[in-house]
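Colleague: Following this message is one structure expressed as structure tokens.
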Amino acid sequence: MPLSKRRRARIIRGVQYGVLVAAVVIFALVADWHQLRTAFFDVNVAKALFPDIITTALVNTVLYTLLGFGFGLALGLVLALMRLSSVPPYRWIAVTYIEFFRGIPALLVFIALGFGVPLAFEVALDMNVTVMLSLGLVGAAYMAETIRAGIQAVPKGQTEAARSLGMSHGRAMLSIVIPQAFRIVLPPLTNELILLTKDSSLVYLLGLSLGQFELANFGRDALNEHKSLTPILIAGLLYLVITLPLGQVVRRLEARTAKAR
Amino acid sequence: MTQDKAEQKAVEKAVQKETAKDAAPENSGDAKAIDVQGLHKAFGELEVLRGIDFSVARGEVVCIIGPSGSGKSTLLRCVNLLEEPSSGRVTVAGTEVTDPDVDIDLVRRRIGMVFQSFNLFPHLTVLENLTIAQRRVLRRDRAEADRIARVNLERVGLGEKEASYPAQLSGGQQQRVAIARALSMDPELMLFDEPTSALDPELVGDVLAVMRSLADEGMTMLVVTHEMSFAREVADRVVFMDGGVIVEEGIPERVVGDPQHERTRTFLARVLDPAAAEVGEVADTGPTGKRVDR
Ligand SMILES: Nc1ncnc2c1ncn2[C@@H]1O[C@H](COP(=O)(O)OP(=O)(O)OP(=O)(O)O)[C@@H](O)[C@H]1O
Ligand SMILES: [Mg+2]
């Protein structure tokens, strides 16, 4: 054999690098840098976005996400406990809810709560409440399954030890099982928070007033005004400012639980 | 061991017990700590307990021995209703736990249980492991619960470990914490399910020493164990189970020293003979473990 396996792999990798570098160079030579710059990163447009894109849009994105997450987490915990209940109707309700809200687009829920409910019932829901419910109702379905898995991952011996000390079922859940379950599900729950951060952009559908703009809406509004992609780019980067550190947190937590085992 | 010597030892032990019992505060009426009558337990098709009658007197130490799968754990777990008996009566300290109207949480707080796998709460410190049920179940205030917890940690020789988490302790230490946790509820009796089976051999001694001192203090104990020397030296009575029934029971000198039944002899030969013990280990998970009646 003329080439060892390892040498061949090295050559193949070298070729890949070469092609990549060539592509970048060609792109750099051919591209119209001036037009690209004005389209994607116009300094003047960028300047005009600040500080509102932070003080209003970013803040609102975080606010909407946390509202949805908080409500979804609480409802998700209740659903998880119902799902594990020994009372069959509770289980049926939980399963139906979870399957329903996991199966339909979040967009539909926003439409239903943002427009459907006000039209059908002639009540105007507060914006924050609408957002909290829309994001939370869907998030709860996912979080319920996550939390249920976490609760089931706590060894049975824990419940038995708690019960044999005289704790009631509820007390054993509250003091012994749920705290351990949450440690187990912290990484997937953080992932859920990342998903919700992105889903919060659906709020733009609701027709917000200026002060209620979140990142996506703000970006879109500025796009119309400046005829430049810059606001979208910056809005995207600001999403990353939220989601990348959260992703880092997930990795840390996962590493920690891996070590604890 | 000659019959004479054996009897003498048994008498000595009984005397020791009596004095310990006199010293201990007198418990309510009934002299029986545990009374089991006609107990049956089936898991689906599998009949695990097939008519158990036996009782444990207050202050008595009873060891249950028997091959794997004979129903020892199930019997123990029926006493505090971790398993629901299929039929029969179980009475603990005068309360019938098989009565459907009984508040089992009230009964369980009077029964300490120690598991083979310790089952300490990993998210709590050692001290919190000992105080959580005292505070949430017995409603003791923090200072009182802490004080009682510390007394019991000292009792098992782990006073300096109160701030540690279970994962930071050796298996033997964890099991002693588990014993202290049970003791902190001031139980009237203690159940032990193979408390030393999950331990490295060099750690077994510490746990047995704690159990021995508990026995000397007059605690009522029902112990499932494979530690024959413990059964022989500490137990007032040994119960041999096989196939979901009690095959024989009596003072250790009789059951362990001079068994009447062939099944007991076979079992003891396997457990006691070091050469055969290895074979016994394998057999534990083997055919005897899967005793199925169809
Ligand atoms: N929850 C359960 N569901 C079904 N079968 C069970 C259950 N618990 C125990 N068993 C079966 O009951 C039989 C007796 O089990 P048990 O744990 O009481 O035996 P044991 O004498 O304690 O054995 P070991 O010495 O191995 O602990 C075994 O065959 C076991 O497989
Ligand atoms: Mg067992």
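In the structure tokens, the first chain shown is A, the next is B, and so on; residue numbers restart at 1 for each chain, and ligands run from 1 in the order shown.
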Just need the residues of chain A within 7 Å of chain B, counting only C-alpha atoms, so spit them out as a PDB file with N, CA, C and O atoms, in the first residue's frame.
Modeller:
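Once written, selection-v2.pdb looks like this:
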ATOM      1  N   GLY A 157     -35.828   4.401  45.282  1.00  0.00           N
ATOM      2  CA  GLY A 157     -35.386   4.318  46.666  1.00  0.00           C
ATOM      3  C   GLY A 157     -35.500   5.643  47.411  1.00  0.00           C
ATOM      4  O   GLY A 157     -35.660   5.662  48.626  1.00  0.00           O
ATOM      5  N   GLN A 158     -35.415   6.744  46.684  1.00  0.00           N
ATOM      6  CA  GLN A 158     -35.540   8.061  47.313  1.00  0.00           C
ATOM      7  C   GLN A 158     -36.938   8.260  47.884  1.00  0.00           C
ATOM      8  O   GLN A 158     -37.105   8.705  49.015  1.00  0.00           O
ATOM      9  N   ALA A 161     -37.392   5.881  50.844  1.00  0.00           N
ATOM     10  CA  ALA A 161     -36.746   6.371  52.061  1.00  0.00           C
ATOM     11  C   ALA A 161     -37.580   7.486  52.676  1.00  0.00           C
ATOM     12  O   ALA A 161     -37.803   7.517  53.889  1.00  0.00           O
ATOM     13  N   SER A 164     -40.759   6.086  54.170  1.00  0.00           N
ATOM     14  CA  SER A 164     -40.563   5.282  55.375  1.00  0.00           C
ATOM     15  C   SER A 164     -40.161   6.151  56.563  1.00  0.00           C
ATOM     16  O   SER A 164     -40.165   5.694  57.693  1.00  0.00           O
ATOM     17  N   LEU A 165     -39.841   7.425  56.295  1.00  0.00           N
ATOM     18  CA  LEU A 165     -39.634   8.365  57.401  1.00  0.00           C
ATOM     19  C   LEU A 165     -40.957   9.023  57.813  1.00  0.00           C
ATOM     20  O   LEU A 165     -40.975   9.903  58.661  1.00  0.00           O
ATOM     21  N   GLY A 166     -42.033   8.622  57.166  1.00  0.00           N
ATOM     22  CA  GLY A 166     -43.346   9.144  57.534  1.00  0.00           C
ATOM     23  C   GLY A 166     -43.813  10.308  56.690  1.00  0.00           C
ATOM     24  O   GLY A 166     -44.848  10.912  56.978  1.00  0.00           O
ATOM     25  N   MET A 167     -43.048  10.653  55.648  1.00  0.00           N
ATOM     26  CA  MET A 167     -43.499  11.760  54.798  1.00  0.00           C
ATOM     27  C   MET A 167     -44.686  11.302  53.960  1.00  0.00           C
ATOM     28  O   MET A 167     -44.733  10.161  53.499  1.00  0.00           O
ATOM     29  N   SER A 168     -45.619  12.224  53.733  1.00  0.00           N
ATOM     30  CA  SER A 168     -46.732  11.923  52.840  1.00  0.00           C
ATOM     31  C   SER A 168     -46.211  11.906  51.409  1.00  0.00           C
ATOM     32  O   SER A 168     -45.091  12.338  51.143  1.00  0.00           O
ATOM     33  N   GLN A 180     -34.481  17.036  43.294  1.00  0.00           N
ATOM     34  CA  GLN A 180     -33.519  16.224  42.537  1.00  0.00           C
ATOM     35  C   GLN A 180     -33.869  16.189  41.056  1.00  0.00           C
ATOM     36  O   GLN A 180     -32.988  16.207  40.200  1.00  0.00           O
TER      37      GLN A 180
END
Colleague: Which residues of chain B come within 8 Å of ligand 1, and what is each one's closest atom pair and distance in Å (one decimal), counting only C-alpha atoms and all ligand atoms, sorted by chain and residue number, as a Markdown table?
Modeller:
| residue | atom | partner | partner_atom_place_in_ligand_line | distance |
| --- | --- | --- | --- | --- |
| B:Ala42 | CA | ligand 1 | 12 (O) | 7.9 |
| B:Phe43 | CA | ligand 1 | 4 (C) | 4.9 |
| B:Gly44 | CA | ligand 1 | 4 (C) | 7.3 |
| B:Leu46 | CA | ligand 1 | 5 (N) | 6.9 |
| B:Glu47 | CA | ligand 1 | 12 (O) | 7.6 |
| B:Val48 | CA | ligand 1 | 12 (O) | 5.1 |
| B:Leu49 | CA | ligand 1 | 14 (C) | 7.9 |
| B:Gly66 | CA | ligand 1 | 21 (O) | 6.5 |
| B:Pro67 | CA | ligand 1 | 25 (O) | 5.8 |
| B:Ser68 | CA | ligand 1 | 25 (O) | 3.5 |
| B:Gly69 | CA | ligand 1 | 19 (O) | 3.5 |
| B:Ser70 | CA | ligand 1 | 21 (O) | 3.9 |
| B:Gly71 | CA | ligand 1 | 18 (O) | 3.1 |
| B:Lys72 | CA | ligand 1 | 21 (O) | 3.8 |
| B:Ser73 | CA | ligand 1 | 22 (O) | 3.6 |
| B:Thr74 | CA | ligand 1 | 18 (O) | 3.7 |
| B:Leu75 | CA | ligand 1 | 18 (O) | 6.5 |
| B:Glu83 | CA | ligand 1 | 1 (N) | 7.9 |
| B:Asp193 | CA | ligand 1 | 22 (O) | 7.8 |
| B:Glu194 | CA | ligand 1 | 27 (O) | 7.4 |
| B:Val224 | CA | ligand 1 | 22 (O) | 7.9 |
| B:Met241 | CA | ligand 1 | 21 (O) | 7.9 |
| B:Asp242 | CA | ligand 1 | 21 (O) | 7.9 |
| B:Gly244 | CA | ligand 1 | 14 (C) | 7.6 |
| B:Asp284 | CA | ligand 1 | 26 (O) | 6.8 |
| B:Thr285 | CA | ligand 1 | 26 (O) | 7.4 |
| B:Gly289 | CA | ligand 1 | 29 (O) | 5.8 |
| B:Lys290 | CA | ligand 1 | 29 (O) | 5.0 |
| B:Arg291 | CA | ligand 1 | 29 (O) | 5.9 |
| B:Val292 | CA | ligand 1 | 29 (O) | 7.0 |
Colleague: When you look at Phe50 (chain A) with a cut-off of 12 Å (counting only C-alpha atoms), what residues show up, excluding the ones that are within fewer than 4 positions of it in the same chain? I need them as a PDB file with C-alpha atoms, in the first residue's frame.
Modeller:
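File selection14.pdb, as written:
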ATOM      1  CA  VAL A  43     -22.682  52.458  10.266  1.00  0.00           C
ATOM      2  CA  ASN A  44     -25.093  55.346  10.162  1.00  0.00           C
ATOM      3  CA  VAL A  45     -28.110  53.084  10.269  1.00  0.00           C
ATOM      4  CA  ALA A  46     -26.528  51.114  13.080  1.00  0.00           C
ATOM      5  CA  ILE A  54     -31.218  47.679  23.618  1.00  0.00           C
ATOM      6  CA  THR A  55     -33.390  49.609  26.031  1.00  0.00           C
ATOM      7  CA  THR A  56     -36.664  48.695  24.354  1.00  0.00           C
ATOM      8  CA  ALA A  57     -36.263  45.744  22.016  1.00  0.00           C
ATOM      9  CA  LEU A  58     -33.755  43.579  23.860  1.00  0.00           C
ATOM     10  CA  PHE A 218     -37.913  46.428  16.036  1.00  0.00           C
ATOM     11  CA  GLY A 219     -35.625  45.089  13.350  1.00  0.00           C
ATOM     12  CA  ALA A 222     -36.148  49.773  11.169  1.00  0.00           C
ATOM     13  CA  PRO A 231     -31.161  46.343  11.742  1.00  0.00           C
ATOM     14  CA  ILE A 234     -27.977  43.608  14.648  1.00  0.00           C
ATOM     15  CA  ALA A 235     -31.224  42.148  15.952  1.00  0.00           C
TER      16      ALA A 235
END
Colleague: Name the closest residue to ligand 2 among the candidates B:Val90, B:Val247, B:Pro166, B:Ile65; distances are taken between atoms, counting only C-alpha atoms and all ligand atoms.
Modeller: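 Ranked by minimum distance to ligand 2, first place goes to B:Ile65.
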Colleague: Quick one: pull the distance between CA of Ser213 (chain B) and CA of Glu96 (chain B), Å, one decimal.
Modeller: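 Interatomic distance here is 29.3 Å.
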Colleague: Report as a PyMOL selection string all protein, DNA and RNA residues lying within 12 Å of Gly150 (chain A), evaluated on only C-alpha atoms, omitting residues in the same chain fewer than 2 positions from it.
Modeller: chain A and resi 77+80-81+84+143-148+152-155+177-189
Colleague: Take the residues just selected and output them with C-alpha atoms as an mmCIF file, in the first residue's frame.
Modeller:
data_model
loop_
_atom_site.group_PDB
_atom_site.id
_atom_site.type_symbol
_atom_site.label_atom_id
_atom_site.label_comp_id
_atom_site.auth_asym_id
_atom_site.auth_seq_id
_atom_site.Cartn_x
_atom_site.Cartn_y
_atom_site.Cartn_z
ATOM 1 C CA LEU A 77 -44.758 21.154 36.578
ATOM 2 C CA ALA A 80 -45.988 16.611 34.782
ATOM 3 C CA LEU A 81 -47.432 15.764 38.195
ATOM 4 C CA LEU A 84 -47.692 10.827 36.780
ATOM 5 C CA MET A 143 -41.519 21.374 29.751
ATOM 6 C CA ALA A 144 -44.084 18.955 31.199
ATOM 7 C CA GLU A 145 -42.502 16.078 29.294
ATOM 8 C CA THR A 146 -39.024 17.175 30.335
ATOM 9 C CA ILE A 147 -39.992 17.475 33.989
ATOM 10 C CA ARG A 148 -41.834 14.159 33.929
ATOM 11 C CA GLN A 152 -38.964 9.468 36.772
ATOM 12 C CA ALA A 153 -35.169 9.575 36.689
ATOM 13 C CA VAL A 154 -35.027 10.031 40.477
ATOM 14 C CA PRO A 155 -34.409 6.550 41.908
ATOM 15 C CA VAL A 177 -38.087 14.125 44.454
ATOM 16 C CA ILE A 178 -38.727 17.471 42.763
ATOM 17 C CA PRO A 179 -35.496 19.154 43.928
ATOM 18 C CA GLN A 180 -33.519 16.224 42.537
ATOM 19 C CA ALA A 181 -35.596 16.131 39.365
ATOM 20 C CA PHE A 182 -34.891 19.802 38.702
ATOM 21 C CA ARG A 183 -31.177 19.215 38.930
ATOM 22 C CA ILE A 184 -31.541 16.535 36.309
ATOM 23 C CA VAL A 185 -33.666 18.654 33.964
ATOM 24 C CA LEU A 186 -31.807 21.934 34.331
ATOM 25 C CA PRO A 187 -29.926 21.492 31.033
ATOM 26 C CA PRO A 188 -33.004 20.624 28.930
ATOM 27 C CA LEU A 189 -34.988 23.385 30.637
#
Colleague: Near region 201-212 of chain B, counting only C-alpha atoms, which residues have an atom at most 9 Å away, once you skip same-chain residues fewer than 6 positions from it, shown as a list in words?
Modeller: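 Skipping anything fewer than 6 positions along the chain leaves Arg155, Val156, Gly157, Ser170, Gly171, Gly172, Gln173, Gln175, Arg176, Ile179, Pro195, Met221, Phe230 and Val234 of chain B.
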Colleague: So, with only C-alpha atoms and all ligand atoms as the atoms that count, which of B:Val61, B:Met219, B:Ile251, B:Leu76 lies closest to ligand 2?
Modeller: B:Leu76
Colleague: Ile246 (chain B): which residues within 9 Å, counting only C-alpha atoms, same-chain residues fewer than 5 positions away excluded, as a ChimeraX atom specification?
Modeller: /B:51-54,239-241
Colleague: Name the closest residue to ligand 2 among the candidates B:Ala231, B:Ala145, B:Ala93, B:Ala198; distances are taken between atoms, counting only C-alpha atoms and all ligand atoms.
Modeller: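 Closest residue, counting only C-alpha atoms and all ligand atoms: B:Ala198.
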